[in-house]
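Asks: First the structure, which I've put down as structure tokens, then a few questions once you've had a look.
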Amino acid sequence: MTRVAAVDLGTNSTRLLVADVSGDDLEEIVRHLAITRLGEGVDRRRRLLPVPIARVRNCLADYRRELENLRAERTLAIATSAVRDAENGEAFLGEIEWSYGFTTRLLTGAEEAAMMVRGVAAGRPALEDVLVVDIGGGSTELVHAVDGAVASSTSLDVGCVRITERFLGSDPPTRPELAAARAYVRSLLPDLEVRAAIGVAGTVTTLATLDLGDSEYDPARTHGHRISSESVAAQLDRLARMTVEERTGVPGIEPGRAPVIVAGVVVLREILTAYGLAEIEVSERDILHGAAFAAAELPEAEEGPAPPGAYTCCWER
């Protein structure tokens, strides 16, 4: 049994999982999420900006204290869409590795898909002809799993932050803006034939909370919940009529997610429609759990010099 920590440096949120891992078994000790919007402005400027970086660093300082108190032996921090797209992404990871002592890994699309399926599949029968949907802040991952392995994967630049910044400029969004966003998502979806779908990450878990009628997010209740396509459409219609301030006051929606939740639901609705799926199952196990398995496989950490580019990622040219 190895106690590890996994950190997900996402476009919209920064997450922490501390878990005990033994082979293919994983027991959660603690899990946290903070809305940090690391990808804010990346779609337009192709750089991670100083203020979002500062938000992430403040969050990581808290996470570092907690994982040390819990005696995690190894920590793996993974980065995906926003960091991949940013010119200073690798320098940012070098700074994180040097400052906090985390091992960092910038995942390719294929690596992201494999790590996500590993996390989703933990503790359940092998995924058979299932589409795993991960709607992130900067991108959406579509992974077709057959016999428990990745048969195909597609990474689309249609995350909830990116779609909000590109298309949904009004508050609330206008019908033409929503129509343009839907058409753009639809134009990028690959041809697939799948039997069922499993959804992970904040858009889907927030929708599950709303569908259950809960006032607060409860992973024990959302895990395994099935959201019908009719419910997704109804929630989209309801939320798109609200301003950001009004959505912030809706029980079950985390305030930091209110500005981007409509775009996330747009993406989900188009996916369900395109593939003729009547529902989507919610999984609380995702890429973060896959990262925990990967953390358990890391070698012992060694002290070394600062990575190239450390402390240089935030400066404007």
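Convention: chains lettered A, B, ... in structure tokens order; per-chain residue numbering from 1; ligands numbered from 1 as shown.
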Could you go through stretch 170-286 of chain A and tell me which residues DSSP, when run on the backbone, assigns to alpha helix (DSSP H), listing them as a count of residues only?
Replies: 60
Asks: Residues at most 10 Å from A:Gly123, counting only C-alpha atoms, excluding those fewer than 3 positions away in the same chain, as a list of chain:residue names?
Replies: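 Here the answer would be A:Asp24, A:Asp25, A:Leu26, A:Gly119, A:Val120, A:Ala126, A:Arg285.
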Asks: Restricted to N, CA, C and O atoms, what would the selected residues look like written as a CSV table (one decimal), in the first residue's frame?
Replies:
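For reference, result-v2.csv as written:
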```csv
chain,number,residue,atom,x,y,z
A,24,ASP,N,-4.3,-2.6,-8.3
A,24,ASP,CA,-5.5,-2.0,-9.0
A,24,ASP,C,-6.5,-1.5,-8.0
A,24,ASP,O,-7.6,-1.1,-8.4
A,25,ASP,N,-6.2,-1.5,-6.7
A,25,ASP,CA,-7.1,-1.0,-5.7
A,25,ASP,C,-6.7,0.4,-5.2
A,25,ASP,O,-5.5,0.7,-5.1
A,26,LEU,N,-7.7,1.2,-5.1
A,26,LEU,CA,-7.5,2.6,-4.6
A,26,LEU,C,-8.5,3.0,-3.6
A,26,LEU,O,-9.7,2.8,-3.8
A,119,GLY,N,-8.7,5.5,-14.6
A,119,GLY,CA,-9.4,6.0,-13.5
A,119,GLY,C,-10.8,5.6,-13.4
A,119,GLY,O,-11.3,5.2,-12.4
A,120,VAL,N,-11.5,5.8,-14.5
A,120,VAL,CA,-13.0,5.5,-14.6
A,120,VAL,C,-13.2,4.0,-14.3
A,120,VAL,O,-14.2,3.6,-13.7
A,126,ALA,N,-15.0,-4.2,-16.7
A,126,ALA,CA,-14.3,-3.6,-17.9
A,126,ALA,C,-15.3,-2.9,-18.7
A,126,ALA,O,-16.5,-3.3,-18.9
A,285,ARG,N,-15.1,8.8,-10.5
A,285,ARG,CA,-13.7,8.4,-10.7
A,285,ARG,C,-13.3,8.8,-12.1
A,285,ARG,O,-14.1,8.6,-13.1
```
Asks: Considering only C-alpha atoms, state which residue in the set A:Gly213, A:Pro172, A:Gly39, A:Gly264 is at the smallest distance from A:Arg241.
Replies: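 Of the candidates, the smallest distance to A:Arg241 is held by A:Pro172.
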Asks: Give me, as number ranges by chain, all polymer residues having an atom no more than 12 Å from A:Asn58, counting only C-alpha atoms and skipping those fewer than 5 positions away in the same chain.
Replies: A: 14, 34-36, 38, 51-53, 63-65, 96, 99-100
Asks: Convert the current residue selection to file output with N, CA and C atoms, as a PDB file, in the first residue's frame.
Replies:
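That gives us selection-v9.pdb:
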```
ATOM      1  N   THR A  14      -8.412  23.346 -10.148  1.00  0.00           N
ATOM      2  CA  THR A  14      -7.230  22.640  -9.657  1.00  0.00           C
ATOM      3  C   THR A  14      -7.715  21.669  -8.594  1.00  0.00           C
ATOM      4  N   ALA A  34     -10.782  23.333  -6.345  1.00  0.00           N
ATOM      5  CA  ALA A  34     -10.858  24.794  -6.282  1.00  0.00           C
ATOM      6  C   ALA A  34     -10.951  25.331  -7.706  1.00  0.00           C
ATOM      7  N   ILE A  35     -11.864  26.278  -7.931  1.00  0.00           N
ATOM      8  CA  ILE A  35     -11.987  26.911  -9.238  1.00  0.00           C
ATOM      9  C   ILE A  35     -10.898  27.972  -9.343  1.00  0.00           C
ATOM     10  N   THR A  36      -9.923  27.749 -10.228  1.00  0.00           N
ATOM     11  CA  THR A  36      -8.770  28.634 -10.338  1.00  0.00           C
ATOM     12  C   THR A  36      -8.643  29.280 -11.721  1.00  0.00           C
ATOM     13  N   LEU A  38      -7.149  28.587 -14.563  1.00  0.00           N
ATOM     14  CA  LEU A  38      -5.796  28.701 -15.101  1.00  0.00           C
ATOM     15  C   LEU A  38      -5.824  29.062 -16.581  1.00  0.00           C
ATOM     16  N   VAL A  51      -2.147  36.457 -13.243  1.00  0.00           N
ATOM     17  CA  VAL A  51      -3.180  36.363 -12.204  1.00  0.00           C
ATOM     18  C   VAL A  51      -3.710  34.929 -12.069  1.00  0.00           C
ATOM     19  N   PRO A  52      -4.075  34.234 -13.173  1.00  0.00           N
ATOM     20  CA  PRO A  52      -4.474  32.833 -13.022  1.00  0.00           C
ATOM     21  C   PRO A  52      -3.375  31.957 -12.428  1.00  0.00           C
ATOM     22  N   ILE A  53      -2.135  32.210 -12.812  1.00  0.00           N
ATOM     23  CA  ILE A  53      -1.029  31.437 -12.239  1.00  0.00           C
ATOM     24  C   ILE A  53      -0.956  31.654 -10.730  1.00  0.00           C
ATOM     25  N   TYR A  63      -2.660  22.796  -0.860  1.00  0.00           N
ATOM     26  CA  TYR A  63      -2.635  21.359  -1.152  1.00  0.00           C
ATOM     27  C   TYR A  63      -1.339  20.728  -0.638  1.00  0.00           C
ATOM     28  N   ARG A  64      -0.224  21.436  -0.820  1.00  0.00           N
ATOM     29  CA  ARG A  64       1.060  20.891  -0.373  1.00  0.00           C
ATOM     30  C   ARG A  64       1.045  20.647   1.132  1.00  0.00           C
ATOM     31  N   ARG A  65       0.514  21.595   1.895  1.00  0.00           N
ATOM     32  CA  ARG A  65       0.452  21.410   3.353  1.00  0.00           C
ATOM     33  C   ARG A  65      -0.395  20.196   3.710  1.00  0.00           C
ATOM     34  N   ILE A  96       6.365  24.871 -11.070  1.00  0.00           N
ATOM     35  CA  ILE A  96       5.571  24.096 -10.104  1.00  0.00           C
ATOM     36  C   ILE A  96       6.414  22.967  -9.521  1.00  0.00           C
ATOM     37  N   SER A  99       9.068  24.564  -7.184  1.00  0.00           N
ATOM     38  CA  SER A  99       8.532  25.253  -6.009  1.00  0.00           C
ATOM     39  C   SER A  99       7.928  24.300  -4.995  1.00  0.00           C
ATOM     40  N   TYR A 100       7.235  23.252  -5.483  1.00  0.00           N
ATOM     41  CA  TYR A 100       6.453  22.408  -4.572  1.00  0.00           C
ATOM     42  C   TYR A 100       6.977  20.983  -4.452  1.00  0.00           C
TER      43      TYR A 100
END
```
Asks: Can you pull out the residues contacting A:Asp85? Cut-off 10 Å, using only C-alpha atoms, and skip same-chain residues under 3 positions away; I want them as a ChimeraX atom specification.
Replies: /A:39,42-43,45-48,80-82,88-89,138
Asks: Got time to write the residues from that selection, N, CA, C and O atoms, as a CSV table (one decimal), in the first residue's frame?
Replies:
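File result-v5.csv, as written:
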```csv
chain,number,residue,atom,x,y,z
A,39,GLY,N,-6.8,28.6,-17.3
A,39,GLY,CA,-6.9,28.8,-18.8
A,39,GLY,C,-7.5,30.1,-19.2
A,39,GLY,O,-7.7,30.3,-20.4
A,42,VAL,N,-6.2,32.0,-22.3
A,42,VAL,CA,-5.2,31.3,-23.1
A,42,VAL,C,-5.7,31.1,-24.6
A,42,VAL,O,-4.9,31.2,-25.5
A,43,ASP,N,-7.0,31.0,-24.8
A,43,ASP,CA,-7.5,30.8,-26.1
A,43,ASP,C,-7.2,32.0,-27.0
A,43,ASP,O,-6.9,31.8,-28.2
A,45,ARG,N,-4.7,34.6,-26.1
A,45,ARG,CA,-3.3,35.1,-26.0
A,45,ARG,C,-2.3,34.0,-26.1
A,45,ARG,O,-1.1,34.3,-26.2
A,46,ARG,N,-2.7,32.8,-26.0
A,46,ARG,CA,-1.8,31.6,-26.1
A,46,ARG,C,-0.7,31.6,-25.0
A,46,ARG,O,0.4,31.1,-25.1
A,47,ARG,N,-1.0,32.2,-23.8
A,47,ARG,CA,-0.1,32.2,-22.7
A,47,ARG,C,-0.9,32.1,-21.4
A,47,ARG,O,-2.1,32.5,-21.3
A,48,LEU,N,-0.3,31.4,-20.4
A,48,LEU,CA,-0.8,31.4,-19.1
A,48,LEU,C,-0.5,32.8,-18.5
A,48,LEU,O,0.6,33.2,-18.5
A,80,THR,N,-3.1,19.5,-18.7
A,80,THR,CA,-3.7,19.1,-20.0
A,80,THR,C,-3.9,20.3,-20.9
A,80,THR,O,-2.9,21.0,-21.2
A,81,SER,N,-5.1,20.6,-21.3
A,81,SER,CA,-5.4,21.5,-22.4
A,81,SER,C,-4.8,22.9,-22.3
A,81,SER,O,-4.0,23.3,-23.2
A,82,ALA,N,-5.0,23.6,-21.2
A,82,ALA,CA,-4.6,25.0,-21.1
A,82,ALA,C,-3.1,25.0,-21.2
A,82,ALA,O,-2.5,25.9,-21.8
A,88,ASN,N,4.1,29.4,-22.6
A,88,ASN,CA,4.9,29.3,-21.4
A,88,ASN,C,4.4,28.1,-20.5
A,88,ASN,O,4.7,28.1,-19.3
A,89,GLY,N,3.7,27.1,-21.1
A,89,GLY,CA,3.2,26.0,-20.3
A,89,GLY,C,4.3,25.2,-19.7
A,89,GLY,O,4.2,24.8,-18.5
A,138,GLY,N,-10.8,23.6,-21.1
A,138,GLY,CA,-10.2,24.0,-22.4
A,138,GLY,C,-10.5,23.0,-23.5
A,138,GLY,O,-10.5,23.4,-24.7
```
Asks: Rank A:Ile29, A:Ala197, A:Ala77, A:Ala86 by their smallest atom-to-atom distance to A:Asp134, using only C-alpha atoms, and report the top residue only.
Replies: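 Distance minimum relative to A:Asp134 lands on A:Ala197.
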Asks: Tell me, which residues of stretch 20-265 of chain A carry DSSP strand (DSSP E), written as a PyMOL selection string?
Replies: chain A and resi 20-22+25-35+74-79+103-106+130-135+140-146+149-156+196-200+226-228
Asks: Taking only C-alpha atoms into account, name the residue in A:Ser155, A:Thr108, A:Ser215, A:Thr206 that is nearest to A:Val232.
Replies: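 Using only C-alpha atoms, the shortest distance to A:Val232 belongs to A:Thr206.
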Asks: Can you tell me, as a list in words, what residues are no more than 9 Å from A:Leu67 when counting only C-alpha atoms, ignoring any on the same chain fewer than 4 positions away?
Replies: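 Contacts, with the query itself left out: Val4, Ala5, Leu16, Leu17, Val18, Asp62, Tyr63, Arg71, Ala72, Glu73 and Thr75 of chain A.
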Asks: What does the structure give for the distance between atom CA of A:Glu297 and atom CA of A:Leu76, in Å to one decimal?
Replies: 10.0 Å
Asks: Have a look at A:Val161, A:Ala196, A:Ala54, A:Ala180 and name the one nearest to A:Val146; count only C-alpha atoms.
Replies: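 Residue with the minimum atom-to-atom distance to A:Val146: A:Ala196.
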